[in-house]
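Colleague: My questions all concern the structure below.
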Amino acid sequence: MSMVATGSNPAPASASPAAPIAQFFIPAAASLQERRPRTLKHGDTFAVFDHNGDVLFGPGSPEGLFHGDTRYLSHLYLTVNGKRPMLLSSTLRDDNATLRCDLTNPDLFDDKGKLTLGHDLIHLRRTRFLWNACCYERLTVRNYDERPQHVRIEIGFGADFADLFEVRGTVRARRGRHLPAITERDAILLSYIGLDNRKRSTRLSFDPQPDQLGSDHVVYDLLLAPHETRSLFIEIGCDRTATQRRGHRSFFFALRDARRALRASSSRAASIATSNGIFNEVARRSIADLYMLMTDKPEGPYPYAGIPWFSTVFGRDAILTALEMLWLDPQIARGVLGHLAVNQATEIDPASDAEPGKILHEVRAGEMAELGEVPFRRYYGSVDSTPLFVMLAGEYVRRTGDVATVSRLLPHIEAALAWIDEHGDRDGDGFVEYGRLTEEGLVNQAWKDSNDSVFHADGALAKGPIAIAEVQAYVYGAWQAAAEIFRLLDRPERAAGFLARAEGLRRAFDASFFDEELGTYVLALDADKQPCRVRSSNAGHALFTGIAYPERAVKVARTLMSAPSFSGWGIRTIPSTEARYNPMSYHNGSIWPHDNAMIASGLARYGYRTEAARIFEGLFAASTYIELRRLPELFCGFARRWAQGPTFYPVACSPQAWAAAAPLSLLQSCLGLDFDPNALQISFNEPQLPSFLDEVLLRHLSIGNGSADVAIRRSGRQVVVDVVERRGDVRVLTIV
């Protein structure tokens, strides 16, 4: 992610269009955990509300309605007779289709202190969802008193049209201008013309017509009979015209369409049911979050990285999410490959760190990106997304047998492979290095992209260009994938050449990166080819792609699962023995679910399913303490204590796609689940069940044109696989 680790670096004093902040700091002015945010997303629109359903404007607040990396609504505040209502409950539907906030009135007094309305007599329910760049809300107000009651509902609102990077903390020297509000009978239009000369507008529409409508508030004066209920409908549209409204009926039409779309997309995935009710909640939330984060592109479904800071196209994040989900919905991988292919770099552009064949890091559509105040309009500053792209293509065809799609992608795969040779390996030593092309680009361009995440044993920061450990592993995976692709395309000489390159890289990686004294691979090689002799979770990614020799894997596994590294909740990015270890840092001691899922997959590859199950158990235990059972982007690396939950990271995104997919990937790793489309075979290789699961039922595991429902049960010390139902000529095999 393009951000600086909060707590590791001082906040910048100022910024200007001429001198953008290189690392795009995200300040910890307000903890997302403390604010208990409620998030919704559809397409390129997302919203962050507080637990009451309000948007509270203030320094450091991430709340609001965002569209195209701009905040279209920065303030929304509901009062009842002048007072903020009390929260009863606030929750998302299991499928993330709607947010529901139940509120009630506090004790209300007149100017003389006389009680005029006792608490808990007026019930308010806010039902809200997003659909096609619009936020829809139905506010129902019910009087539970035995007497008629006058209820004054006032809603304040505002739109600052701040760029997402402003919300994240960047200070701009100049901004565009706000236009006067345009008020209609039942609607108001708030508009802003940016420095990019683009007009952005927020249209708030109300049904029925309000009693008062001002430039920053709306008032309804309701006289409610005993037990009477009234409904108020609000639409908040981003760059929408009046003709797009259909009154209060639009709420129900849009709600129907939104739910249908969610059901249609998530129905592609295999379903999971287990003997553990809490894990079932974790799995349901993971699936719901992933399909909420999914955005339909012309090439297919594409998972946006996370809310609030990363609700956009990221290359690395989407590829890894697609790999984690490949076993249960391969269409995601197909969409990711297609979208990244059409956005592949074709020329050298230092301002965007672009080089021919390179795969996207990040895309932004806001004013600051359009003006070049941040380099992310279409930014290519990640060293790993390109080899990961080739890896995903290889894994996709191995999972599906869809040679036609990979054949269409072949020019893009060839271009990515050429980038590894021509631009990735900057000094011709056989390793891929990274280094930004301008001072505005990201300093570190692997997944740990904080500016202090790559260092030597004494804590000194490494100087680039840097060859980081996991990228060499990904390149090895890319060569292996290329060999498989060209074998399927009946080009054996090319396939043999890539296999030879992979084996050569494996030998060189072992010689230059493995450190006997550390018992693992070094973190990186710096510009002088000096090793950064630091233990890290990065070494686990060598297991993920298979570049590690088996005799090295046993040592790496032991180091990763040792007490300094494994906290009990998961594997730390940096173990507690290292110079820059800080359990509250972004990349130097925290725990990332996706990182752990990839390591567990690598451990399972080498036969260490017991260790993979320990990681699974730790992350599952963490999820039991987390609201909605939603694993966040990361959490702090403090050691697990008896009868205590994990320590949360203050500005972690939640939901985050690759974190949401982590439990699904961990389940596959423990079960040894694999697919052979040519043989129409689903296999379970030495399956294990973690201690919290006695039975798992997987429905609609697809292979070719068929599918199977499979039950995996614990039977004494054994794990038994039973086929419940088979559709088509599908074989299910257990390897013990």
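Here, A, B, ... name the chains of the structure tokens in the order displayed, residue numbers run from 1 inside each chain, and ligands are numbered from 1 in the same displayed order.
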Under the rule of at most 6 Å, produce a per-residue listing of range 255-362 of chain A near range 658-666 of chain A: chain, number, name, the closest pair of atoms, and the distance in Å, as a Markdown table, using only C-alpha atoms.
Modeller:
| residue | atom | partner | partner_atom | distance |
| --- | --- | --- | --- | --- |
| A:Ser286 | CA | A:Ala660 | CA | 4.7 |
| A:Thr321 | CA | A:Trp658 | CA | 4.8 |
| A:Glu324 | CA | A:Ser665 | CA | 4.9 |
Colleague: Looking only at the backbone, which of the residues in range 200-407 of chain A does DSSP tag as alpha helix (DSSP H), as an MDAnalysis selection string?
Modeller: chainID A and resid 249:266 277:293 315:325 330:342 367:371 385:400 403:407
Colleague: In Å to one decimal, how far is CA of Arg558 in chain A from CA of Ala639 in chain A?
Modeller: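 So the two atoms, CA of Ala639 in chain A and CA of Arg558 in chain A, lie 17.9 Å apart.
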Colleague: DSSP says strand (DSSP E) for which residues of range 268-514 of chain A? Put them as JSON, numbers by chain?
Modeller: {"A": [271, 272, 273, 274, 294, 295, 296, 297, 300, 301, 302, 303, 362, 363, 378, 379, 467, 468, 514]}
Colleague: Limited to N, CA and C atoms, could you put the picked residues into a file as a tab-separated table (two decimals), in the first residue's frame?
Modeller:
chain	number	residue	atom	x	y	z
A	271	SER	N	-19.42	-22.81	-1.36
A	271	SER	CA	-19.88	-22.43	-0.03
A	271	SER	C	-19.21	-23.30	1.02
A	272	ILE	N	-19.13	-22.75	2.23
A	272	ILE	CA	-18.43	-23.40	3.33
A	272	ILE	C	-19.37	-23.47	4.53
A	273	ALA	N	-19.52	-24.67	5.09
A	273	ALA	CA	-20.26	-24.85	6.34
A	273	ALA	C	-19.44	-25.79	7.22
A	274	THR	N	-19.33	-25.47	8.48
A	274	THR	CA	-18.49	-26.26	9.37
A	274	THR	C	-19.21	-26.58	10.67
A	294	MET	N	-15.74	-6.28	-4.54
A	294	MET	CA	-15.64	-6.58	-5.96
A	294	MET	C	-16.28	-5.47	-6.79
A	295	THR	N	-15.59	-5.06	-7.84
A	295	THR	CA	-16.10	-4.04	-8.75
A	295	THR	C	-16.10	-4.61	-10.16
A	296	ASP	N	-17.20	-4.48	-10.85
A	296	ASP	CA	-17.31	-5.02	-12.20
A	296	ASP	C	-16.58	-4.13	-13.19
A	297	LYS	N	-15.57	-4.68	-13.82
A	297	LYS	CA	-14.83	-4.02	-14.89
A	297	LYS	C	-15.22	-4.67	-16.22
A	300	GLY	N	-14.14	-8.18	-16.26
A	300	GLY	CA	-14.63	-9.12	-15.26
A	300	GLY	C	-14.55	-8.54	-13.86
A	301	PRO	N	-14.86	-9.33	-12.84
A	301	PRO	CA	-14.84	-8.84	-11.46
A	301	PRO	C	-13.42	-8.52	-11.00
A	302	TYR	N	-13.32	-7.41	-10.24
A	302	TYR	CA	-12.00	-6.98	-9.76
A	302	TYR	C	-12.13	-6.55	-8.30
A	303	PRO	N	-11.41	-7.19	-7.38
A	303	PRO	CA	-11.51	-6.80	-5.97
A	303	PRO	C	-10.71	-5.53	-5.68
A	362	GLU	N	-1.26	1.01	-8.69
A	362	GLU	CA	-2.40	1.72	-8.11
A	362	GLU	C	-2.98	2.68	-9.14
A	363	VAL	N	-4.30	2.87	-9.09
A	363	VAL	CA	-4.98	3.84	-9.95
A	363	VAL	C	-5.81	4.76	-9.06
A	378	ARG	N	-2.14	6.77	-12.61
A	378	ARG	CA	-1.89	5.40	-13.05
A	378	ARG	C	-0.43	5.13	-12.71
A	379	TYR	N	-0.23	4.45	-11.57
A	379	TYR	CA	1.10	4.36	-10.99
A	379	TYR	C	1.59	2.91	-11.02
A	467	ALA	N	17.19	-5.57	-3.78
A	467	ALA	CA	16.66	-6.87	-4.20
A	467	ALA	C	16.08	-7.53	-2.96
A	468	ILE	N	14.76	-7.52	-2.83
A	468	ILE	CA	14.13	-8.04	-1.62
A	468	ILE	C	13.79	-9.52	-1.81
A	514	PHE	N	20.34	-17.25	1.63
A	514	PHE	CA	20.19	-18.06	2.84
A	514	PHE	C	21.34	-17.80	3.81
Colleague: Which distance in Å separates CA of Ala181 in chain A and CA of Arg203 in chain A, to one decimal?
Modeller: 10.0 Å
Colleague: Go through range 586-635 of chain A and flag each residue having an atom no more than 10 Å from range 668-681 of chain A; for those, report the closest pair of atoms plus their distance in Å to one decimal, using only C-alpha atoms, ordered by chain and rising number, as a tab-separated table.
Modeller:
residue	atom	partner	partner_atom	distance
A:Ala597	CA	A:Ser669	CA	8.4
A:Met598	CA	A:Ser669	CA	9.3
A:Ile599	CA	A:Ser669	CA	9.9
A:Ala600	CA	A:Ser669	CA	6.7
A:Ser601	CA	A:Ser669	CA	5.2
A:Gly602	CA	A:Ser669	CA	8.5
A:Leu603	CA	A:Ser669	CA	8.4
A:Ala604	CA	A:Ser669	CA	5.8
A:Arg605	CA	A:Ser669	CA	8.1
A:Gly607	CA	A:Gly672	CA	9.4
A:Tyr608	CA	A:Cys670	CA	9.3
A:Arg609	CA	A:Cys670	CA	5.8
A:Thr610	CA	A:Cys670	CA	8.0
A:Glu611	CA	A:Cys670	CA	9.3
A:Ala612	CA	A:Cys670	CA	6.5
A:Ala613	CA	A:Cys670	CA	6.1
A:Arg614	CA	A:Cys670	CA	9.8
A:Phe616	CA	A:Cys670	CA	8.3
Colleague: Selected residues, C-alpha atoms, written as a PDB file, in the first residue's frame, please.
Modeller:
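Result saved to part22.pdb:
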ATOM      1  CA  ALA A 597      -2.069 -17.028   4.732  1.00  0.00           C
ATOM      2  CA  MET A 598       0.697 -16.985   2.131  1.00  0.00           C
ATOM      3  CA  ILE A 599       3.207 -18.377   4.625  1.00  0.00           C
ATOM      4  CA  ALA A 600       0.751 -21.104   5.660  1.00  0.00           C
ATOM      5  CA  SER A 601       0.292 -22.019   1.999  1.00  0.00           C
ATOM      6  CA  GLY A 602       4.075 -22.300   1.710  1.00  0.00           C
ATOM      7  CA  LEU A 603       4.346 -24.415   4.845  1.00  0.00           C
ATOM      8  CA  ALA A 604       1.661 -26.747   3.490  1.00  0.00           C
ATOM      9  CA  ARG A 605       3.535 -26.999   0.187  1.00  0.00           C
ATOM     10  CA  GLY A 607       4.329 -30.771   4.182  1.00  0.00           C
ATOM     11  CA  TYR A 608       4.119 -28.647   7.338  1.00  0.00           C
ATOM     12  CA  ARG A 609       0.339 -28.726   7.664  1.00  0.00           C
ATOM     13  CA  THR A 610       0.503 -28.832  11.453  1.00  0.00           C
ATOM     14  CA  GLU A 611       2.313 -25.487  11.420  1.00  0.00           C
ATOM     15  CA  ALA A 612      -0.170 -24.136   8.879  1.00  0.00           C
ATOM     16  CA  ALA A 613      -2.984 -25.228  11.194  1.00  0.00           C
ATOM     17  CA  ARG A 614      -1.344 -23.343  14.112  1.00  0.00           C
ATOM     18  CA  PHE A 616      -5.019 -20.810  11.127  1.00  0.00           C
TER      19      PHE A 616
END
Colleague: For Phe692 in chain A, find every residue with an atom within 9 Å (counting only C-alpha atoms), except residues of its own chain fewer than 4 positions away, and show them as a ChimeraX atom specification.
Modeller: /A:275-276,279,617,620
Colleague: Please list as a short mmCIF file (atom, residue, chain, number, x, y, z; two decimals) with C-alpha atoms, in the first residue's frame every residue within 9 Å of Ala539 in chain A, counting only C-alpha atoms and excluding residues in the same chain fewer than 5 positions away.
Modeller:
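Dumped everything to part.cif:
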data_model
loop_
_atom_site.label_atom_id
_atom_site.label_comp_id
_atom_site.auth_asym_id
_atom_site.auth_seq_id
_atom_site.Cartn_x
_atom_site.Cartn_y
_atom_site.Cartn_z
CA ALA A 469 13.77 -11.72 -0.79
CA GLU A 470 10.15 -12.45 -1.68
CA THR A 520 16.41 -18.25 7.37
CA TYR A 521 16.70 -16.08 4.26
CA VAL A 522 17.97 -12.54 4.69
CA LEU A 523 15.47 -9.75 4.17
CA VAL A 556 12.76 -21.43 7.71
CA LEU A 560 8.97 -18.56 11.52
CA ILE A 599 3.21 -18.38 4.62
#
Colleague: Extract, using only C-alpha atoms, all DNA, RNA and protein residues at most 9 Å from Pro655 in chain A, discarding same-chain residues fewer than 2 positions from it, and format them as a list in words.
Modeller: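 The neighbour list is Thr39, Ser286, Asp289, Leu290, Leu293, Ala305, Gly306, Ile307, Pro308, Arg630, Leu631, Pro632, Glu633, Ala652, Cys653, Ala657, Ala659 and Ala660 of chain A.
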Colleague: As a PDB file with C-alpha atoms, in the first residue's frame, please: the residues near Leu320 in chain A (cut-off 9 Å, only C-alpha atoms, same-chain neighbours under 2 positions excluded).
Modeller:
ATOM      1  CA  GLY A 315      -2.318  -4.628  -8.771  1.00  0.00           C
ATOM      2  CA  ARG A 316      -0.502  -6.563  -6.054  1.00  0.00           C
ATOM      3  CA  ASP A 317      -3.505  -6.703  -3.729  1.00  0.00           C
ATOM      4  CA  ALA A 318      -5.912  -7.946  -6.382  1.00  0.00           C
ATOM      5  CA  ALA A 322      -7.356 -13.737  -6.570  1.00  0.00           C
ATOM      6  CA  LEU A 323      -4.742 -16.364  -5.660  1.00  0.00           C
ATOM      7  CA  GLU A 324      -6.273 -16.789  -2.204  1.00  0.00           C
ATOM      8  CA  MET A 325      -9.751 -17.187  -3.743  1.00  0.00           C
ATOM      9  CA  LEU A 388       2.852 -12.035  -9.584  1.00  0.00           C
ATOM     10  CA  LEU A 392      -1.538 -15.769 -11.377  1.00  0.00           C
ATOM     11  CA  HIS A 594      -2.705 -12.172   4.143  1.00  0.00           C
ATOM     12  CA  MET A 598       0.697 -16.985   2.131  1.00  0.00           C
ATOM     13  CA  TRP A 658      -6.553  -9.903   0.994  1.00  0.00           C
TER      14      TRP A 658
END
Colleague: Can you pull out every residue within 8 Å of range 96-109 of chain A, counting only C-alpha atoms, but drop anything in the same chain fewer than 4 positions away, and send it as a ChimeraX atom specification?
Modeller: /A:38,40,51-53,80-81,83-92,113-129,258-259,262,288-289,292
